[in-house]
Amino acid sequence: MKRYVPVLLIVATIVFAIAFWPRNQSSSPLAESRIAAREYSPANEPIEPLPPSPTFNEKTVALGQKLFEDRQLSRNNSISCSSCHSLSLGGADGRIRSIGIDNRVGTINAPTVFNSGFNFKQFWDGRAETLEAQIDGPAHEASEMDSNWLEITNKLKQQPEYQAAFAELYPEGIQSNTVKDAIATFERSLSTPNSRFDQFLQGVNNVLSAEEQDGYRLFKNYGCSSCHQGLNVGGNMFQKFGVMGDYFADRGNITKTDLGRFNVTGVERDRHVFKVPSLRNAALTAPYFHDGSAATLEDAVAVMAKYQLGRRMSPEEIRQIVSFIKTLTGEYKGKAF
């Protein structure tokens, strides 16, 4: 009997190993991320929750909002900032390309103004360093407001209500820089904290469904969070559109706008490079991309998978990631959209 003991021990060891060998050895992104989720810690996540809405001088914010909604900023008094950045439409306008004065069609899709104060630069090509500098763009652009600061400030100076408001807040009164400061202050107040995903990061239990959590794990495992991360889930870096494939050659009809940051720097490596957009409130701001070519979030995720990741996601994976993105819709002034 003794001579069989070593053999029995070996057999028992093999049986034990088979019995307790991990069952989930799939190499799929979701399977791998579910294993990684056992070590989940909000402090280690690539996305940060938005802080509570910042506090600004209420009178400056109110003046900025009045200017933001004032059509007098356009040459023929027909459009305002809010025409292309409607707060009721997620801070955008729902168009492929915005419409300026005299029904002139713009060259690019309007990004959301919500949470724009968290972006490291402004415009798709990042040509403006600040929100104040960004305001010069639409004010002067022929396909948008087609105006100038002398014309704008002269209009405002004719109104006693504006004269009184500016005199109270700015010793220099109505000037281009004070108009821009008021509008930019209002825009910085447009933060949307307390999304369900923010709550999840802050440890609130059962705030996300299993599908939404699976979508987030896929989002990380596929590498989407390499560009869409931080407070704004984007908005803090530049990236080439078409890392793993030539998006523009496949789409065709390349325009100057498609050159992206190259139009700013003239450097070849910046051709087709754009600021990574924020994904906060993305469920509200279709269509997507600088060219407005993606009508739905599902379309946008599929395009990103192909041209940025070199992957083809299944319909189920796309649905799960879209479910996660929808959890990034926050609250404005304490109310959900």
# chains A, B, ... in the order shown; residues from 1 in each chain; ligands from 1
>>> residues_around(residues="Leu150 of chain A", least_positions_apart="2", cutoff="12 Å", atoms="only C-alpha atoms", output="number ranges by chain")
A: 73-75, 139-140, 147-148, 152-157, 174-177, 179
>>> residues_around(residues="Asn109 of chain A", least_positions_apart="5", cutoff="8 Å", atoms="only C-alpha atoms", output="number ranges by chain")
A: 95-98, 288-292
>>> residues_around(residues="Asp299 of chain A", least_positions_apart="6", cutoff="12 Å", atoms="only C-alpha atoms", output="PyMOL selection string")
chain A and resi 286-289+292-293+305-306+313+315+318-319+321-322
>>> write_last_selection(atoms="N, CA and C atoms", output="short mmCIF file (atom, residue, chain, number, x, y, z; two decimals), in the first residue's frame")
data_model
loop_
_atom_site.label_atom_id
_atom_site.label_comp_id
_atom_site.auth_asym_id
_atom_site.auth_seq_id
_atom_site.Cartn_x
_atom_site.Cartn_y
_atom_site.Cartn_z
N ALA A 286 -26.02 65.20 -29.10
CA ALA A 286 -25.89 64.70 -30.47
C ALA A 286 -26.16 65.83 -31.46
N PRO A 287 -25.58 65.78 -32.67
CA PRO A 287 -24.64 64.79 -33.20
C PRO A 287 -23.22 65.03 -32.70
N TYR A 288 -22.33 64.07 -33.00
CA TYR A 288 -21.01 64.04 -32.38
C TYR A 288 -19.87 64.24 -33.38
N PHE A 289 -18.72 64.56 -32.83
CA PHE A 289 -17.46 64.86 -33.52
C PHE A 289 -17.50 66.28 -34.08
N GLY A 292 -19.88 66.57 -36.85
CA GLY A 292 -21.27 66.18 -36.62
C GLY A 292 -21.69 64.94 -37.37
N SER A 293 -20.74 64.08 -37.71
CA SER A 293 -21.03 62.94 -38.58
C SER A 293 -21.67 61.76 -37.87
N ALA A 305 -14.05 53.17 -31.77
CA ALA A 305 -13.45 51.84 -31.65
C ALA A 305 -12.62 51.53 -32.90
N LYS A 306 -13.16 51.84 -34.07
CA LYS A 306 -12.48 51.51 -35.32
C LYS A 306 -11.25 52.38 -35.55
N MET A 313 -16.08 46.55 -31.96
CA MET A 313 -16.85 46.16 -30.79
C MET A 313 -18.15 45.48 -31.21
N PRO A 315 -22.21 44.64 -30.85
CA PRO A 315 -23.36 45.48 -30.48
C PRO A 315 -23.60 45.51 -28.98
N ILE A 318 -21.00 47.86 -27.39
CA ILE A 318 -21.35 49.25 -27.69
C ILE A 318 -22.50 49.70 -26.79
N ARG A 319 -23.51 48.84 -26.66
CA ARG A 319 -24.66 49.19 -25.81
C ARG A 319 -24.22 49.41 -24.36
N ILE A 321 -21.21 50.34 -23.23
CA ILE A 321 -20.43 51.58 -23.10
C ILE A 321 -21.34 52.79 -23.18
N VAL A 322 -22.33 52.75 -24.08
CA VAL A 322 -23.28 53.86 -24.16
C VAL A 322 -24.06 53.99 -22.86
#
>>> atom_distance(atom1="atom CA of Ser323 of chain A", atom2="atom CA of Val243 of chain A")
24.8 Å
>>> residues_around(residues="segment 117-126 of chain A", least_positions_apart="4", cutoff="10 Å", atoms="only C-alpha atoms", output="number ranges by chain")
A: 50, 108-111, 113, 130-135, 137, 184-191, 230-238, 257-265, 270, 272-278, 289-290
>>> atom_distance(atom1="atom CA of Gln65 of chain A", atom2="atom CA of Ile183 of chain A")
6.6 Å
>>> closest_residue(among="A:Ala128, A:Ala294, A:Val301, A:Leu284", to="Ala92 of chain A", atoms="only C-alpha atoms")
A:Leu284
>>> select_by_dssp(residues="segment 132-321 of chain A", states="strand (DSSP E)", output="list in words")
Phe238, Gln239, Lys240, Val273, Phe274 and Lys275 of chain A
>>> select_by_dssp(residues="segment 37-163 of chain A", states="alpha helix (DSSP H)", output="VMD selection string")
chain A and resid 58 to 68 81 to 84 131 to 140 149 to 157 160 to 163
>>> atom_distance(atom1="atom CA of Phe68 of chain A", atom2="atom CA of Cys81 of chain A")
5.1 Å
>>> decode(residues="segment 70-95 of chain A", atoms="N, CA, C and O atoms", output="compact mmCIF listing (two decimals), in the first residue's frame")
# COMPACT_ATOMS: atom_id res chain seq x y z
N ASP A 70 -28.20 87.76 -25.29
CA ASP A 70 -28.53 89.01 -25.98
C ASP A 70 -28.14 88.95 -27.46
O ASP A 70 -26.96 88.79 -27.80
N ARG A 71 -29.11 89.12 -28.34
CA ARG A 71 -28.87 89.07 -29.78
C ARG A 71 -28.14 90.30 -30.30
O ARG A 71 -27.68 90.30 -31.44
N GLN A 72 -28.02 91.31 -29.47
CA GLN A 72 -27.31 92.52 -29.91
C GLN A 72 -25.82 92.26 -30.14
O GLN A 72 -25.14 93.10 -30.76
N LEU A 73 -25.32 91.14 -29.64
CA LEU A 73 -23.90 90.84 -29.87
C LEU A 73 -23.64 90.47 -31.32
O LEU A 73 -22.49 90.43 -31.76
N SER A 74 -24.70 90.18 -32.09
CA SER A 74 -24.52 89.89 -33.52
C SER A 74 -24.77 91.16 -34.33
O SER A 74 -25.47 92.07 -33.90
N ARG A 75 -24.20 91.21 -35.51
CA ARG A 75 -24.25 92.43 -36.33
C ARG A 75 -25.67 92.88 -36.62
O ARG A 75 -25.99 94.06 -36.54
N ASN A 76 -26.55 91.94 -36.96
CA ASN A 76 -27.93 92.31 -37.31
C ASN A 76 -28.94 91.98 -36.21
O ASN A 76 -30.14 91.90 -36.47
N ASN A 77 -28.42 91.75 -34.99
CA ASN A 77 -29.29 91.50 -33.82
C ASN A 77 -30.18 90.26 -34.00
O ASN A 77 -31.33 90.24 -33.54
N SER A 78 -29.65 89.23 -34.67
CA SER A 78 -30.49 88.06 -34.96
C SER A 78 -30.13 86.82 -34.14
O SER A 78 -30.97 85.93 -33.97
N ILE A 79 -28.89 86.73 -33.66
CA ILE A 79 -28.52 85.54 -32.90
C ILE A 79 -27.72 85.96 -31.66
O ILE A 79 -27.14 87.04 -31.60
N SER A 80 -27.70 85.07 -30.69
CA SER A 80 -26.95 85.27 -29.46
C SER A 80 -26.03 84.08 -29.24
O SER A 80 -26.05 83.11 -30.01
N CYS A 81 -25.26 84.13 -28.18
CA CYS A 81 -24.42 82.97 -27.82
C CYS A 81 -25.30 81.75 -27.61
O CYS A 81 -24.95 80.62 -27.98
N SER A 82 -26.45 81.96 -26.98
CA SER A 82 -27.34 80.84 -26.66
C SER A 82 -28.01 80.25 -27.89
O SER A 82 -28.60 79.17 -27.81
N SER A 83 -27.92 80.92 -29.02
CA SER A 83 -28.49 80.35 -30.24
C SER A 83 -27.77 79.06 -30.63
O SER A 83 -28.37 78.14 -31.18
N CYS A 84 -26.47 79.02 -30.37
CA CYS A 84 -25.68 77.83 -30.69
C CYS A 84 -25.35 77.00 -29.44
O CYS A 84 -24.89 75.87 -29.56
N HIS A 85 -25.57 77.61 -28.28
CA HIS A 85 -25.26 76.92 -27.02
C HIS A 85 -26.45 77.02 -26.08
O HIS A 85 -26.41 77.71 -25.05
N SER A 86 -27.52 76.36 -26.44
CA SER A 86 -28.76 76.41 -25.67
C SER A 86 -28.64 75.56 -24.41
O SER A 86 -28.30 74.37 -24.48
N LEU A 87 -28.94 76.17 -23.27
CA LEU A 87 -28.86 75.41 -22.02
C LEU A 87 -29.92 74.31 -21.98
O LEU A 87 -29.76 73.31 -21.28
N SER A 88 -30.99 74.49 -22.72
CA SER A 88 -32.04 73.47 -22.75
C SER A 88 -31.69 72.30 -23.66
O SER A 88 -32.39 71.28 -23.66
N LEU A 89 -30.63 72.45 -24.44
CA LEU A 89 -30.18 71.38 -25.35
C LEU A 89 -28.80 70.87 -24.95
O LEU A 89 -28.01 70.46 -25.80
N GLY A 90 -28.52 70.88 -23.67
CA GLY A 90 -27.24 70.38 -23.20
C GLY A 90 -26.08 71.32 -23.47
O GLY A 90 -24.92 70.89 -23.44
N GLY A 91 -26.36 72.58 -23.75
CA GLY A 91 -25.29 73.54 -24.00
C GLY A 91 -24.81 73.56 -25.43
O GLY A 91 -23.81 74.22 -25.75
N ALA A 92 -25.51 72.87 -26.32
CA ALA A 92 -25.17 72.85 -27.75
C ALA A 92 -26.43 73.25 -28.52
O ALA A 92 -27.32 73.89 -27.98
N ASP A 93 -26.51 72.87 -29.80
CA ASP A 93 -27.70 73.27 -30.57
C ASP A 93 -28.36 72.12 -31.34
O ASP A 93 -29.37 72.33 -32.03
N GLY A 94 -27.82 70.92 -31.23
CA GLY A 94 -28.43 69.77 -31.88
C GLY A 94 -28.27 69.74 -33.39
O GLY A 94 -28.85 68.88 -34.06
N ARG A 95 -27.46 70.64 -33.95
CA ARG A 95 -27.25 70.68 -35.40
C ARG A 95 -25.90 70.06 -35.77
O ARG A 95 -24.98 70.02 -34.96
